[in-house]
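Trainee: Contents of protein-v9.cif (mmCIF, C-alpha atoms) are below:
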```
data_structure
#
loop_
_atom_site.label_atom_id
_atom_site.label_comp_id
_atom_site.auth_asym_id
_atom_site.auth_seq_id
_atom_site.Cartn_x
_atom_site.Cartn_y
_atom_site.Cartn_z
CA MET A 1 -11.35 -13.33 -25.05
CA ASP A 2 -10.48 -9.74 -25.35
CA PRO A 3 -11.67 -7.84 -28.40
CA VAL A 4 -8.71 -6.25 -30.15
CA SER A 5 -8.79 -2.97 -32.03
CA GLN A 6 -8.04 -3.38 -35.72
CA VAL A 7 -6.70 0.19 -35.72
CA THR A 8 -4.28 0.26 -32.77
CA GLY A 9 -3.95 -3.42 -31.92
CA GLY A 10 -4.85 -2.63 -28.30
CA SER A 11 -7.23 -4.79 -26.33
CA VAL A 12 -9.55 -4.56 -23.37
CA LEU A 13 -8.02 -6.29 -20.35
CA GLY A 14 -11.13 -8.26 -19.43
CA ASP A 15 -9.33 -10.47 -16.93
CA ALA A 16 -8.10 -7.45 -14.96
CA ALA A 17 -11.30 -5.41 -15.22
CA ARG A 18 -13.99 -8.06 -14.78
CA MET A 19 -12.28 -10.97 -13.06
CA ALA A 20 -9.80 -9.40 -10.67
CA GLY A 21 -10.70 -11.75 -7.81
CA LEU A 22 -10.53 -14.86 -9.94
CA ALA A 23 -7.36 -13.76 -11.75
CA GLY A 24 -5.61 -13.44 -8.39
CA ALA A 25 -6.74 -16.84 -7.05
CA ALA A 26 -3.93 -19.36 -6.53
CA ARG A 27 -5.83 -22.26 -8.14
CA ALA A 28 -7.05 -20.33 -11.20
CA PHE A 29 -5.44 -19.19 -14.42
CA VAL A 30 -7.06 -16.37 -16.39
CA ARG A 31 -5.70 -15.37 -19.76
CA GLY A 32 -7.17 -13.24 -22.50
CA THR A 33 -6.72 -14.45 -26.07
CA PRO A 34 -7.64 -11.75 -28.59
CA ALA A 35 -9.64 -12.82 -31.63
CA ARG A 36 -7.79 -10.27 -33.78
CA GLY A 37 -10.59 -9.87 -36.28
CA ARG A 38 -11.19 -13.59 -36.85
CA PHE A 39 -14.80 -14.58 -37.25
CA GLY A 40 -16.41 -17.20 -35.05
CA GLY A 41 -16.02 -15.62 -31.61
CA VAL A 42 -12.85 -17.43 -30.50
CA ALA A 43 -9.16 -16.92 -31.14
CA ARG A 44 -7.24 -19.30 -33.32
CA GLY A 45 -5.28 -20.89 -30.45
CA THR A 46 -8.21 -21.23 -28.04
CA ARG A 47 -8.81 -24.93 -28.68
CA GLU A 48 -5.15 -25.74 -28.08
CA ALA A 49 -5.13 -23.58 -24.93
CA VAL A 50 -8.11 -25.52 -23.55
CA GLU A 51 -6.35 -28.85 -24.21
CA LEU A 52 -3.17 -27.54 -22.58
CA CYS A 53 -5.09 -26.45 -19.46
CA GLU A 54 -6.80 -29.84 -19.23
CA ARG A 55 -3.48 -31.67 -19.55
CA ALA A 56 -1.99 -29.36 -16.90
CA GLY A 57 -4.61 -30.67 -14.48
CA TYR A 58 -7.20 -27.89 -14.45
CA GLY A 59 -10.48 -29.63 -13.72
CA VAL A 60 -12.69 -26.92 -15.18
CA VAL A 61 -11.81 -24.70 -18.13
CA LEU A 62 -14.14 -21.79 -18.81
CA VAL A 63 -13.94 -20.10 -22.21
CA GLU A 64 -15.58 -16.74 -22.87
CA SER A 65 -16.17 -15.94 -26.51
CA VAL A 66 -16.07 -12.50 -28.05
CA GLY A 67 -19.85 -12.60 -28.11
CA ALA A 68 -20.30 -10.36 -31.12
CA GLY A 69 -23.52 -11.93 -32.36
CA GLN A 70 -25.54 -14.95 -33.37
CA GLY A 71 -22.98 -15.96 -36.02
CA GLU A 72 -20.19 -16.26 -33.47
CA GLU A 73 -20.77 -19.93 -32.82
CA MET A 74 -17.27 -21.44 -33.12
CA ILE A 75 -17.30 -21.64 -29.33
CA ALA A 76 -19.29 -24.86 -29.79
CA GLU A 77 -16.22 -26.37 -31.46
CA VAL A 78 -14.07 -25.69 -28.39
CA VAL A 79 -16.10 -26.52 -25.27
CA ASP A 80 -18.13 -29.41 -23.89
CA VAL A 81 -21.10 -27.30 -22.78
CA VAL A 82 -22.13 -23.99 -24.38
CA VAL A 83 -23.75 -21.44 -22.07
CA LEU A 84 -25.34 -18.49 -23.84
CA VAL A 85 -25.74 -15.48 -21.54
CA VAL A 86 -28.01 -12.69 -22.77
CA ARG A 87 -28.81 -9.41 -21.08
CA ALA A 88 -32.39 -8.71 -20.17
CA GLY A 89 -34.17 -5.92 -21.97
CA VAL A 90 -31.51 -5.46 -24.65
CA GLY A 91 -32.66 -5.73 -28.23
CA ASP A 92 -36.14 -6.84 -29.12
CA ALA A 93 -38.24 -9.99 -29.37
CA LEU A 94 -36.41 -10.97 -32.56
CA GLN A 95 -33.22 -11.59 -30.59
CA GLY A 96 -34.83 -14.63 -28.99
CA ILE A 97 -35.79 -16.25 -32.27
CA LYS A 98 -32.52 -15.75 -34.15
CA ARG A 99 -30.73 -18.96 -34.98
CA GLY A 100 -27.03 -19.71 -34.90
CA LEU A 101 -25.62 -19.60 -31.41
CA THR A 102 -29.08 -19.94 -29.84
CA GLU A 103 -29.39 -23.35 -31.51
CA ARG A 104 -25.90 -24.41 -30.38
CA ALA A 105 -26.40 -23.36 -26.75
CA ASP A 106 -26.83 -26.14 -24.19
CA VAL A 107 -27.86 -23.71 -21.45
CA ILE A 108 -29.43 -20.29 -22.00
CA VAL A 109 -29.15 -17.72 -19.22
CA VAL A 110 -30.82 -14.30 -18.94
CA ASN A 111 -28.79 -11.89 -16.85
CA GLY A 112 -30.98 -9.41 -14.96
CA ARG A 113 -32.99 -9.11 -11.78
CA ALA A 114 -36.41 -10.73 -11.93
CA GLY A 115 -39.11 -8.30 -13.01
CA VAL A 116 -36.64 -5.58 -13.97
CA GLY A 117 -35.70 -4.40 -17.46
CA GLY A 118 -37.64 -6.96 -19.48
CA THR A 119 -36.06 -10.02 -17.84
CA TRP A 120 -39.23 -12.10 -18.02
CA GLN A 121 -39.93 -11.20 -21.66
CA THR A 122 -36.33 -11.88 -22.69
CA ALA A 123 -36.46 -15.29 -21.01
CA GLN A 124 -39.77 -16.10 -22.74
CA ASP A 125 -38.38 -15.08 -26.16
CA TYR A 126 -35.35 -17.33 -25.81
CA ALA A 127 -37.29 -20.22 -24.25
CA GLY A 128 -39.70 -20.16 -27.18
CA ALA A 129 -36.87 -20.12 -29.73
CA ALA A 130 -34.85 -22.84 -28.03
CA GLY A 131 -37.75 -25.03 -26.98
CA ARG A 132 -36.37 -25.44 -23.47
CA ALA A 133 -36.15 -23.69 -20.13
CA VAL A 134 -34.07 -20.56 -19.72
CA LEU A 135 -32.35 -19.85 -16.42
CA GLY A 136 -32.23 -16.44 -14.77
CA VAL A 137 -29.19 -14.98 -13.04
CA SER A 138 -28.09 -11.68 -11.55
CA ALA A 139 -24.43 -10.84 -12.16
CA ARG A 140 -24.66 -8.12 -9.50
CA THR A 141 -25.95 -10.27 -6.65
CA GLY A 142 -24.90 -13.77 -7.75
CA GLU A 143 -28.50 -14.96 -7.54
CA GLY A 144 -29.04 -17.98 -9.81
CA VAL A 145 -25.35 -18.72 -10.44
CA GLY A 146 -25.59 -21.97 -8.46
CA ALA A 147 -28.48 -23.17 -10.63
CA VAL A 148 -26.54 -22.38 -13.81
CA TRP A 149 -23.48 -24.23 -12.56
CA GLY A 150 -25.68 -27.16 -11.51
CA ALA A 151 -27.14 -27.34 -15.03
CA VAL A 152 -23.65 -27.27 -16.58
CA GLU A 153 -22.40 -30.03 -14.27
CA ALA A 154 -25.46 -32.18 -14.94
CA LEU A 155 -25.00 -31.84 -18.71
CA GLY A 156 -21.32 -32.73 -18.40
CA ARG A 157 -22.08 -35.81 -16.30
CA GLY A 158 -24.72 -36.92 -18.80
CA LEU A 159 -22.36 -36.49 -21.75
CA ARG A 160 -19.61 -38.51 -20.03
CA ALA A 161 -21.96 -41.27 -18.85
CA SER A 162 -23.53 -41.76 -22.29
CA GLY A 163 -20.24 -41.70 -24.19
CA ALA A 164 -21.46 -38.67 -26.12
CA LEU A 165 -18.62 -36.51 -24.79
CA ALA A 166 -15.93 -38.56 -26.56
CA ALA A 167 -17.94 -38.49 -29.79
CA ARG A 168 -18.55 -34.74 -29.46
CA ARG A 169 -14.85 -34.03 -28.92
CA ALA A 170 -13.82 -36.16 -31.91
CA ASP A 171 -16.32 -34.29 -34.09
CA GLN A 172 -15.07 -30.96 -32.71
CA ARG A 173 -11.47 -31.86 -33.58
CA ARG A 174 -12.45 -32.67 -37.19
CA ARG A 175 -14.44 -29.47 -37.62
CA TRP A 176 -11.77 -27.33 -35.94
CA LEU A 177 -9.11 -28.75 -38.29
CA ARG A 178 -11.27 -27.81 -41.29
CA HIS A 179 -11.84 -24.35 -39.80
CA VAL A 180 -8.10 -23.74 -39.27
CA ALA A 181 -7.22 -25.07 -42.74
CA ARG A 182 -9.88 -22.85 -44.36
CA SER A 183 -8.68 -19.86 -42.36
CA ASP A 184 -5.05 -20.50 -43.41
CA LEU A 185 -6.07 -20.74 -47.05
CA LEU A 186 -7.98 -17.45 -46.83
CA ASP A 187 -5.01 -15.80 -45.13
CA GLN A 188 -2.74 -16.96 -47.97
#
```
Re-express the file's structure as structure tokens.

Mentor:
Amino acid sequence: MDPVSQVTGGSVLGDAARMAGLAGAARAFVRGTPARGRFGGVARGTREAVELCERAGYGVVLVESVGAGQGEEMIAEVVDVVVLVVRAGVGDALQGIKRGLTERADVIVVNGRAGVGGTWQTAQDYAGAAGRAVLGVSARTGEGVGAVWGAVEALGRGLRASGALAARRADQRRRWLRHVARSDLLDQ
């Protein structure tokens, strides 16, 4: 998602700036969907876009939320597995114990090189709050990305095997419908 200015309507072209290699890949489709001031971290049409991509045959659909804060947890109504990525050494110990998105995350990842910029402390803060392990990754070097992807795949397999994925998606559809209806009423 690209954040959109409420003043000019312009947006940051995240797909061009951060994902140039992926955006140019023949078997990938990258598209920004601005939130346009809507709360929750995802644009109104994101859920429908994910379903469209799945029906078009894309095996994996990655959705990046606006990521504005702990309250931006509507992403959990759109995806099968929520990965929360936090930067090491940003904020304070309270960040790790805030609720909201931290509670909804299936996988928590701290981005930063080991031993640099508070990475270890950030991981400990989030692990304590979430009551589970936190994975480390370096966006610069790619270190740890394989472990994160392995965790996501394992969670997806477990959800499908147990039948929980179908139940989760049905619940997501109900909650998303309520969210859209509420949003429409507020807009009116």

Trainee: Got a sec to check which residues sit within 6 Å of (-27.5, -15.0, -15.0), counting all atoms listed in the file, and write them as a PyMOL selection string?

Mentor: chain A and resi 109-111+136-139

Trainee: Pick from A:Arg47, A:Arg160, A:His179, A:Arg27: nearest to A:Ser65, with only C-alpha atoms counted?

Mentor: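 Checking each candidate against A:Ser65, we get A:Arg47 as the closest.
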
Trainee: What does the distance from atom CA of A:Phe29 to atom CA of A:Gly150 come to in Å, to one decimal?

Mentor: 21.9 Å

Trainee: Using all atoms listed in the file, which of the listed residues (A:Val81, A:Ala23, A:Ala105, A:Ala133) sits closest to A:Arg169?

Mentor: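 Going through A:Val81, A:Ala23, A:Ala105, A:Ala133 one by one, the smallest distance to A:Arg169 is for A:Val81.
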
Trainee: Looking at all atoms listed in the file, which of A:Val42, A:Val30, A:Val134, A:Val50 is the one that sits closest to A:Leu84?

Mentor: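 That would be A:Val134, the residue with the smallest distance to A:Leu84.
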
Trainee: Quick one: pull the distance between atom CA of A:Val79 and atom CA of A:Val63, Å, one decimal.

Mentor: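 Going from atom CA of A:Val79 over to atom CA of A:Val63, I get 7.4 Å.
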
Trainee: May I ask for the distance between atom CA of A:Ala28 and atom CA of A:Glu64, given in Å to one decimal place?

Mentor: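 So the answer is 14.9 Å.
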
Trainee: Taking into account all atoms listed in the file, which residue in the set A:Ala76, A:Leu186, A:Val60, A:Val66 is nearest to A:Gly156?

Mentor: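 Under the stated criterion, the closest residue is A:Val60.
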
Trainee: If you count all atoms listed in the file, which residues fall within 12 Å of A:Arg132, apart from same-chain ones fewer than 4 positions away, as a PyMOL selection string?

Mentor: chain A and resi 102-103+105-109+123-128
